[in-house]
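K.L.:
Okay, so here is coords29.cif, and as you'll see once you scroll down, it has mmCIF, C-alpha atoms.
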data_start
#
loop_
_atom_site.label_atom_id
_atom_site.label_comp_id
_atom_site.auth_asym_id
_atom_site.auth_seq_id
_atom_site.Cartn_x
_atom_site.Cartn_y
_atom_site.Cartn_z
CA MET A 1314 10.37 -2.05 18.47
CA ASN A 1315 11.40 1.59 18.89
CA THR A 1316 14.88 2.51 17.72
CA PRO A 1317 16.93 3.83 20.66
CA LYS A 1318 17.60 7.57 20.45
CA LYS A 1319 21.17 8.40 19.49
CA GLN A 1320 23.19 9.98 22.28
CA ARG A 1321 24.95 13.23 21.47
CA MET A 1322 26.75 15.59 23.84
CA PRO A 1323 28.57 18.93 23.81
CA ILE A 1324 32.18 19.40 24.81
CA SER A 1325 34.05 22.62 25.52
CA SER A 1326 37.55 23.64 26.52
CA LYS A 1327 39.80 26.67 26.78
CA TYR A 1328 42.19 24.89 24.42
CA PRO A 1329 41.76 24.46 20.64
CA ASP A 1330 42.64 20.75 20.67
CA VAL A 1331 39.03 20.21 21.78
CA PHE A 1332 38.22 20.31 18.05
CA THR A 1333 39.52 16.76 17.59
CA GLU A 1334 36.62 15.56 19.76
CA ILE A 1335 34.25 16.24 16.88
CA TYR A 1336 35.37 12.87 15.49
CA ASN A 1337 33.83 11.23 18.55
CA GLU A 1338 30.45 9.78 17.53
CA ASP A 1339 28.83 11.02 20.75
CA ILE A 1340 29.88 14.67 20.27
CA ASN A 1341 27.77 17.01 18.13
CA ILE A 1342 29.30 20.36 19.15
CA ALA A 1343 32.90 21.10 20.13
CA ILE A 1344 33.56 24.57 21.54
CA TRP A 1345 36.89 26.32 21.92
CA GLN A 1346 36.26 28.99 24.57
CA GLN A 1347 38.70 31.47 23.13
CA ASN A 1348 39.47 34.79 24.81
CA LEU A 1349 39.90 37.38 22.09
CA SER A 1350 42.38 40.19 22.60
CA LYS A 1351 41.00 43.64 23.36
CA SER A 1352 42.51 44.94 20.12
CA LEU A 1353 40.75 42.25 18.08
CA LEU A 1354 37.44 42.97 19.80
CA ASN A 1355 37.93 46.66 19.05
CA SER A 1356 38.68 45.87 15.40
CA ALA A 1357 35.48 43.82 15.11
CA ASP A 1358 33.45 46.64 16.66
CA ALA A 1359 35.11 49.15 14.33
CA LEU A 1360 34.24 47.05 11.29
CA ILE A 1361 30.58 47.01 12.33
CA ALA A 1362 30.65 50.76 12.91
CA HIS A 1363 32.32 51.65 9.61
CA LYS A 1364 31.03 48.90 7.32
CA ALA A 1365 27.50 48.16 8.48
CA ASN A 1366 26.71 46.19 5.31
CA PHE A 1367 29.98 44.28 5.02
CA LYS A 1368 29.74 40.78 3.58
CA ALA A 1369 32.58 38.62 2.28
CA VAL A 1370 31.73 35.26 0.73
CA MET A 1371 34.61 33.36 -0.85
CA THR A 1372 36.30 30.02 -1.37
CA VAL A 1373 39.85 30.03 -0.03
CA THR A 1374 42.82 27.82 0.75
CA PRO A 1375 44.75 28.38 3.98
CA ASP A 1376 47.53 30.09 2.04
CA GLU A 1377 45.10 32.47 0.30
CA SER A 1378 42.71 33.34 3.12
CA TYR A 1379 44.59 36.29 4.64
CA PHE A 1380 45.25 37.92 1.26
CA HIS A 1381 41.71 37.58 -0.08
CA LEU A 1382 40.07 38.80 3.12
CA ALA A 1383 42.49 41.72 3.39
CA GLU A 1384 41.65 42.58 -0.22
CA SER A 1385 37.94 42.70 0.62
CA LEU A 1386 38.78 45.00 3.56
CA ALA A 1387 41.23 47.16 1.63
CA ASP A 1388 39.81 50.46 2.89
CA PHE A 1389 39.55 49.31 6.53
CA GLN A 1390 42.67 50.29 8.44
CA HIS A 1391 42.18 47.93 11.42
CA LYS A 1392 42.00 44.77 9.33
CA ASP A 1393 45.34 43.07 10.10
CA GLU A 1394 44.56 41.25 13.36
CA LEU A 1395 41.06 40.39 12.14
CA CYS A 1396 42.46 38.83 8.96
CA GLN A 1397 45.05 36.95 10.99
CA GLN A 1398 42.35 35.47 13.23
CA VAL A 1399 40.24 34.33 10.30
CA SER A 1400 43.28 32.92 8.50
CA LEU A 1401 44.22 30.94 11.61
CA LEU A 1402 40.76 29.38 11.79
CA VAL A 1403 40.81 28.52 8.09
CA ASP A 1404 44.13 26.74 8.59
CA MET A 1405 42.87 24.85 11.66
CA PHE A 1406 39.63 23.81 9.93
CA CYS A 1407 41.43 22.58 6.82
CA THR A 1408 44.03 20.71 8.86
CA LEU A 1409 41.44 19.04 11.07
CA PHE A 1410 39.34 17.77 8.17
CA GLU A 1411 42.13 17.39 5.58
CA LEU A 1412 40.55 19.96 3.27
CA LYS A 1413 42.33 21.91 0.55
CA ARG A 1414 39.86 24.81 0.64
CA VAL A 1415 36.81 26.04 2.52
CA GLY A 1416 33.76 28.19 1.98
CA LEU A 1417 34.21 31.35 4.05
CA ARG A 1418 31.56 33.87 5.05
CA LEU A 1419 32.33 36.93 7.18
CA MET A 1420 29.28 39.15 7.59
CA VAL A 1421 27.91 42.05 9.58
CA LEU A 1422 24.32 41.13 10.41
CA ASP A 1423 21.51 43.41 11.57
CA ARG A 1424 18.85 40.70 11.67
CA SER A 1425 18.57 37.04 12.55
CA MET A 1426 19.83 35.02 9.58
CA CYS A 1427 18.19 31.74 10.68
CA PRO A 1428 15.69 32.73 13.40
CA LYS A 1429 14.17 29.28 14.00
CA PHE A 1430 15.95 26.29 15.46
CA HIS A 1431 17.12 23.96 12.69
CA VAL A 1432 19.82 21.50 11.67
CA ASP A 1433 22.30 21.95 8.82
CA LYS A 1434 22.56 19.41 5.99
CA VAL A 1435 26.35 19.63 6.06
CA PRO A 1436 29.08 17.44 7.57
CA CYS A 1437 30.36 20.14 9.92
CA ARG A 1438 30.35 23.93 10.13
CA LEU A 1439 32.62 26.28 12.07
CA VAL A 1440 30.80 29.22 13.65
CA THR A 1441 32.20 32.11 15.66
CA THR A 1442 30.83 35.52 16.60
CA LEU A 1443 33.49 38.22 16.82
CA SER A 1444 31.14 40.95 18.03
CA GLY A 1445 27.54 41.01 19.18
CA ILE A 1446 25.13 38.29 20.27
CA ALA A 1447 26.25 34.73 19.51
CA THR A 1448 24.59 31.55 18.24
CA GLN A 1449 22.05 29.62 20.33
CA TRP A 1450 21.80 25.82 20.47
CA LEU A 1451 19.96 22.96 22.19
CA ASP A 1452 21.26 19.81 23.83
CA HIS A 1453 20.32 16.75 21.81
CA GLN A 1454 18.36 15.07 24.59
CA VAL A 1455 15.93 17.98 25.16
CA VAL A 1456 14.82 18.25 21.51
CA ASP A 1457 11.63 16.82 20.02
CA ARG A 1458 12.84 16.62 16.42
CA ASP A 1459 9.31 16.06 15.14
CA LYS A 1460 8.77 19.77 15.87
CA LEU A 1461 11.59 20.97 13.59
CA GLY A 1462 10.71 22.69 10.30
CA ALA A 1463 7.16 22.01 9.14
CA GLY A 1464 6.59 20.01 12.32
CA SER A 1465 6.30 23.27 14.25
CA ASN A 1466 3.01 23.99 12.46
CA GLY A 1467 4.13 27.60 12.08
CA LEU A 1468 4.45 28.16 15.82
CA PRO A 1469 7.43 29.95 17.39
CA ASP A 1470 10.12 27.67 18.81
CA GLU A 1471 9.08 28.52 22.36
CA GLU A 1472 5.49 27.39 21.66
CA SER A 1473 5.88 24.47 19.25
CA GLY A 1474 6.94 21.82 21.78
CA LEU A 1475 10.44 21.59 20.28
CA PHE A 1476 11.82 21.97 23.81
CA GLU A 1477 10.16 22.33 27.21
CA GLN A 1478 11.94 25.12 29.07
CA GLN A 1479 13.57 28.43 28.17
CA SER A 1480 16.51 27.35 30.30
CA HIS A 1481 17.24 24.59 27.78
CA ILE A 1482 18.57 27.20 25.33
CA ASN A 1483 22.37 27.36 25.37
CA GLN A 1484 24.27 30.31 23.93
CA LEU A 1485 27.83 30.72 22.70
CA SER A 1486 29.86 33.70 23.88
CA VAL A 1487 31.77 36.22 21.77
CA GLY A 1488 35.06 34.62 20.77
CA ASP A 1489 33.83 31.03 21.20
CA VAL A 1490 34.71 28.96 18.14
CA ALA A 1491 32.28 26.08 17.68
CA LEU A 1492 32.25 23.09 15.37
CA LEU A 1493 28.62 22.16 14.70
CA LYS A 1494 28.17 18.60 13.48
CA GLY A 1495 25.45 18.46 10.85
CA GLU A 1496 23.16 15.86 9.33
CA GLY A 1497 25.67 15.29 6.53
CA TRP A 1498 28.27 13.81 8.87
CA PHE A 1499 28.67 10.05 8.43
CA ASP A 1500 25.97 8.16 10.34
CA ASN A 1501 24.68 11.32 12.01
CA GLU A 1502 21.25 11.60 10.43
CA GLY A 1503 18.74 12.60 13.08
CA ALA A 1504 21.47 13.86 15.39
CA GLY A 1505 22.82 17.07 13.83
CA LEU A 1506 23.15 19.97 16.25
CA VAL A 1507 19.93 21.99 16.60
CA HIS A 1508 20.75 25.70 16.60
CA ARG A 1509 19.53 29.16 15.54
CA SER A 1510 20.66 32.72 15.05
CA PRO A 1511 19.89 34.98 18.04
CA ALA A 1512 17.14 37.56 17.85
CA LEU A 1513 18.50 41.07 17.32
CA ASN A 1514 16.99 44.36 18.45
CA SER A 1515 16.76 47.23 15.98
CA ASN A 1516 20.15 48.68 16.92
CA ASP A 1517 21.98 45.37 17.38
CA ARG A 1518 24.73 44.19 15.03
CA ARG A 1519 26.90 41.08 15.06
CA LEU A 1520 30.02 40.04 13.15
CA LEU A 1521 29.73 36.37 12.22
CA LEU A 1522 32.27 34.04 10.63
CA THR A 1523 31.35 30.63 9.24
CA LEU A 1524 33.52 28.03 7.50
CA ASP A 1525 32.12 25.16 5.44
CA PHE A 1526 33.28 22.13 3.51
CA ILE A 1527 33.54 22.66 -0.24
CA ASP A 1528 32.74 19.70 -2.49
#
Hey, can you dump this file as structure tokens for me?
P.N.:
Amino acid sequence: MNTPKKQRMPISSKYPDVFTEIYNEDINIAIWQQNLSKSLLNSADALIAHKANFKAVMTVTPDESYFHLAESLADFQHKDELCQQVSLLVDMFCTLFELKRVGLRLMVLDRSMCPKFHVDKVPCRLVTTLSGIATQWLDHQVVDRDKLGAGSNGLPDEESGLFEQQSHINQLSVGDVALLKGEGWFDNEGAGLVHRSPALNSNDRRLLLTLDFID
């Protein structure tokens, strides 16, 4: 007898309380459709322009996050609102999951970090793009998971049979804050969100923030 396929769905809202829906077994991505201020967008663009190789990787508590990020951006004069935004998300993530600290990565990227569709072996990851092209993802029901990883036989995602139509690819927008449920979430094996980094042209840059559980 075939095991029924697990049902997983996305949910999105213009309000941050959508994040609590990630605890719903049927939800594998919760998206806060946040509208960033023009000044914050300008700060993100300025960071890309002035610090093309910027990368901050750190473990922080909510109380420490603003200070440590500001320290890493000490010579960047437009850092205040950017640090406030990141600190807010650290606090929300820790509160939601009752965490004392998180793994934080804020990076300027000039190439696709994870160019093929994949799932993360983590409980949950927060992802947001503050400038540039944002993360792509697939609805659970359109994915043939046998074609993930080695199952693609080296073929590009669009040719491997992982999904049938280009229109099946969803994409976050700049400012969207998404919680991506991974394979490490309780009883979620085989149902983690399938996603990838977007392809970037030679002159493209993006500013990406991710937050992760720390053991």
K.L.:
When you count only C-alpha atoms, which of these residues is closest to A:Ser1350: A:Ala1387, A:Leu1506, A:Val1373, A:Leu1443?
P.N.:
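Closest to A:Ser1350, using only C-alpha atoms: A:Leu1443.
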K.L.:
What would the selection look like, as a compact mmCIF listing (two decimals) with C-alpha atoms, in the frame of the given file, if the PyMOL selection byres ((chain A and resi 1370) around 9) were run on the coordinates I just shared?
P.N.:
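The resulting file, selection-v7.txt, is reproduced below:
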# COMPACT_ATOMS: atom_id res chain seq x y z
CA LYS A 1368 29.74 40.78 3.58
CA ALA A 1369 32.58 38.62 2.28
CA MET A 1371 34.61 33.36 -0.85
CA THR A 1372 36.30 30.02 -1.37
CA GLY A 1416 33.76 28.19 1.98
CA LEU A 1417 34.21 31.35 4.05
CA ARG A 1418 31.56 33.87 5.05
CA LEU A 1419 32.33 36.93 7.18
CA MET A 1420 29.28 39.15 7.59
K.L.:
To verify the selection step, state as a list of chain:residue names which residues the PyMOL selection byres ((chain A and resi 1325) around 12) yields on this input.
P.N.:
A:Met1322, A:Pro1323, A:Ile1324, A:Ser1326, A:Lys1327, A:Tyr1328, A:Pro1329, A:Asp1330, A:Val1331, A:Phe1332, A:Thr1333, A:Glu1334, A:Ile1335, A:Ile1340, A:Asn1341, A:Ile1342, A:Ala1343, A:Ile1344, A:Trp1345, A:Gln1346, A:Gln1347, A:Leu1485, A:Ser1486, A:Asp1489, A:Val1490, A:Ala1491, A:Leu1492
K.L.:
Would you output that residue set with C-alpha atoms, as a PDB file, in the frame of the given file?
P.N.:
ATOM      1  CA  MET A1322      26.750  15.590  23.840  1.00  0.00           C
ATOM      2  CA  PRO A1323      28.570  18.930  23.810  1.00  0.00           C
ATOM      3  CA  ILE A1324      32.180  19.400  24.810  1.00  0.00           C
ATOM      4  CA  SER A1326      37.550  23.640  26.520  1.00  0.00           C
ATOM      5  CA  LYS A1327      39.800  26.670  26.780  1.00  0.00           C
ATOM      6  CA  TYR A1328      42.190  24.890  24.420  1.00  0.00           C
ATOM      7  CA  PRO A1329      41.760  24.460  20.640  1.00  0.00           C
ATOM      8  CA  ASP A1330      42.640  20.750  20.670  1.00  0.00           C
ATOM      9  CA  VAL A1331      39.030  20.210  21.780  1.00  0.00           C
ATOM     10  CA  PHE A1332      38.220  20.310  18.050  1.00  0.00           C
ATOM     11  CA  THR A1333      39.520  16.760  17.590  1.00  0.00           C
ATOM     12  CA  GLU A1334      36.620  15.560  19.760  1.00  0.00           C
ATOM     13  CA  ILE A1335      34.250  16.240  16.880  1.00  0.00           C
ATOM     14  CA  ILE A1340      29.880  14.670  20.270  1.00  0.00           C
ATOM     15  CA  ASN A1341      27.770  17.010  18.130  1.00  0.00           C
ATOM     16  CA  ILE A1342      29.300  20.360  19.150  1.00  0.00           C
ATOM     17  CA  ALA A1343      32.900  21.100  20.130  1.00  0.00           C
ATOM     18  CA  ILE A1344      33.560  24.570  21.540  1.00  0.00           C
ATOM     19  CA  TRP A1345      36.890  26.320  21.920  1.00  0.00           C
ATOM     20  CA  GLN A1346      36.260  28.990  24.570  1.00  0.00           C
ATOM     21  CA  GLN A1347      38.700  31.470  23.130  1.00  0.00           C
ATOM     22  CA  LEU A1485      27.830  30.720  22.700  1.00  0.00           C
ATOM     23  CA  SER A1486      29.860  33.700  23.880  1.00  0.00           C
ATOM     24  CA  ASP A1489      33.830  31.030  21.200  1.00  0.00           C
ATOM     25  CA  VAL A1490      34.710  28.960  18.140  1.00  0.00           C
ATOM     26  CA  ALA A1491      32.280  26.080  17.680  1.00  0.00           C
ATOM     27  CA  LEU A1492      32.250  23.090  15.370  1.00  0.00           C
TER      28      LEU A1492
END
K.L.:
What does the distance between atom CA of A:Pro1469 and atom CA of A:Glu1502 come to in Å, to one decimal place?
P.N.:
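Separation between atom CA of A:Pro1469 and atom CA of A:Glu1502: 24.0 Å.
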K.L.:
For A:Met1405, which of A:Leu1521, A:His1508, A:Pro1375, A:Glu1338 is the closest residue, counting all atoms listed in the file?
P.N.:
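So, comparing all the options, the nearest one is A:Pro1375.
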K.L.:
On this structure, which residues satisfy the PyMOL selection byres ((chain A and resi 1503) around 12), written as a ChimeraX atom specification?
P.N.:
/A:1316-1321,1341,1431-1434,1453-1454,1456-1459,1461,1494-1502,1504-1507
K.L.:
Taking 4 positions as the minimum chain separation for residues in the same chain, which residues sit within 8 Å of A:Pro1511 when counting all atoms listed in the file? Answer as an mmCIF file with C-alpha atoms, in the coordinates of the input.
P.N.:
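Generated file (out.cif):
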data_model
loop_
_atom_site.group_PDB
_atom_site.id
_atom_site.type_symbol
_atom_site.label_atom_id
_atom_site.label_comp_id
_atom_site.auth_asym_id
_atom_site.auth_seq_id
_atom_site.Cartn_x
_atom_site.Cartn_y
_atom_site.Cartn_z
ATOM 1 C CA SER A 1425 18.570 37.040 12.550
ATOM 2 C CA PRO A 1428 15.690 32.730 13.400
ATOM 3 C CA ILE A 1446 25.130 38.290 20.270
ATOM 4 C CA ALA A 1447 26.250 34.730 19.510
ATOM 5 C CA THR A 1448 24.590 31.550 18.240
ATOM 6 C CA GLN A 1449 22.050 29.620 20.330
#
K.L.:
A:Leu1451, A:Leu1402, A:Val1421, A:Ala1512: which is nearest A:Gln1484, counting only C-alpha atoms?
P.N.:
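Ranked by minimum distance to A:Gln1484, first place goes to A:Leu1451.
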K.L.:
Mind pulling up the distance from atom CA of A:Arg1438 to atom CA of A:Val1415?
P.N.:
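It comes out at 10.2 Å.
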K.L.:
Which residue, A:Asn1337, A:Gly1464, A:Val1455, A:Asp1517, has the smallest gap to A:Glu1477 when you use only C-alpha atoms?
P.N.:
A:Val1455
K.L.:
Neighbouring residues of A:Gln1390 were defined as those with any atom within 10 Å, considering all atoms listed in the file; residues of the same chain fewer than 2 positions away were excluded. Please report them as a list in words.
P.N.:
Ser1356, Ala1359, Leu1360, Ala1383, Leu1386, Ala1387, Asp1388, Lys1392 and Asp1393 of chain A
K.L.:
What's the separation between atom CA of A:Leu1353 and atom CA of A:Gly1488, in Å to one decimal place?
P.N.:
9.9 Å
K.L.:
From the set A:Asn1355, A:Thr1523, A:Asn1516, A:Gln1397, which residue has the shortest atom-to-atom contact distance to A:Tyr1379, counting all atoms listed in the file?
P.N.:
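With all atoms listed in the file as the atom set, the closest residue is A:Gln1397.
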K.L.:
Using all atoms listed in the file for the distances, tell me which of A:Phe1380, A:Phe1410, A:Phe1430, A:Phe1389 is nearest to A:Ile1361.
P.N.:
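When distances to A:Ile1361 are compared using all atoms listed in the file, the smallest one comes from A:Phe1389.
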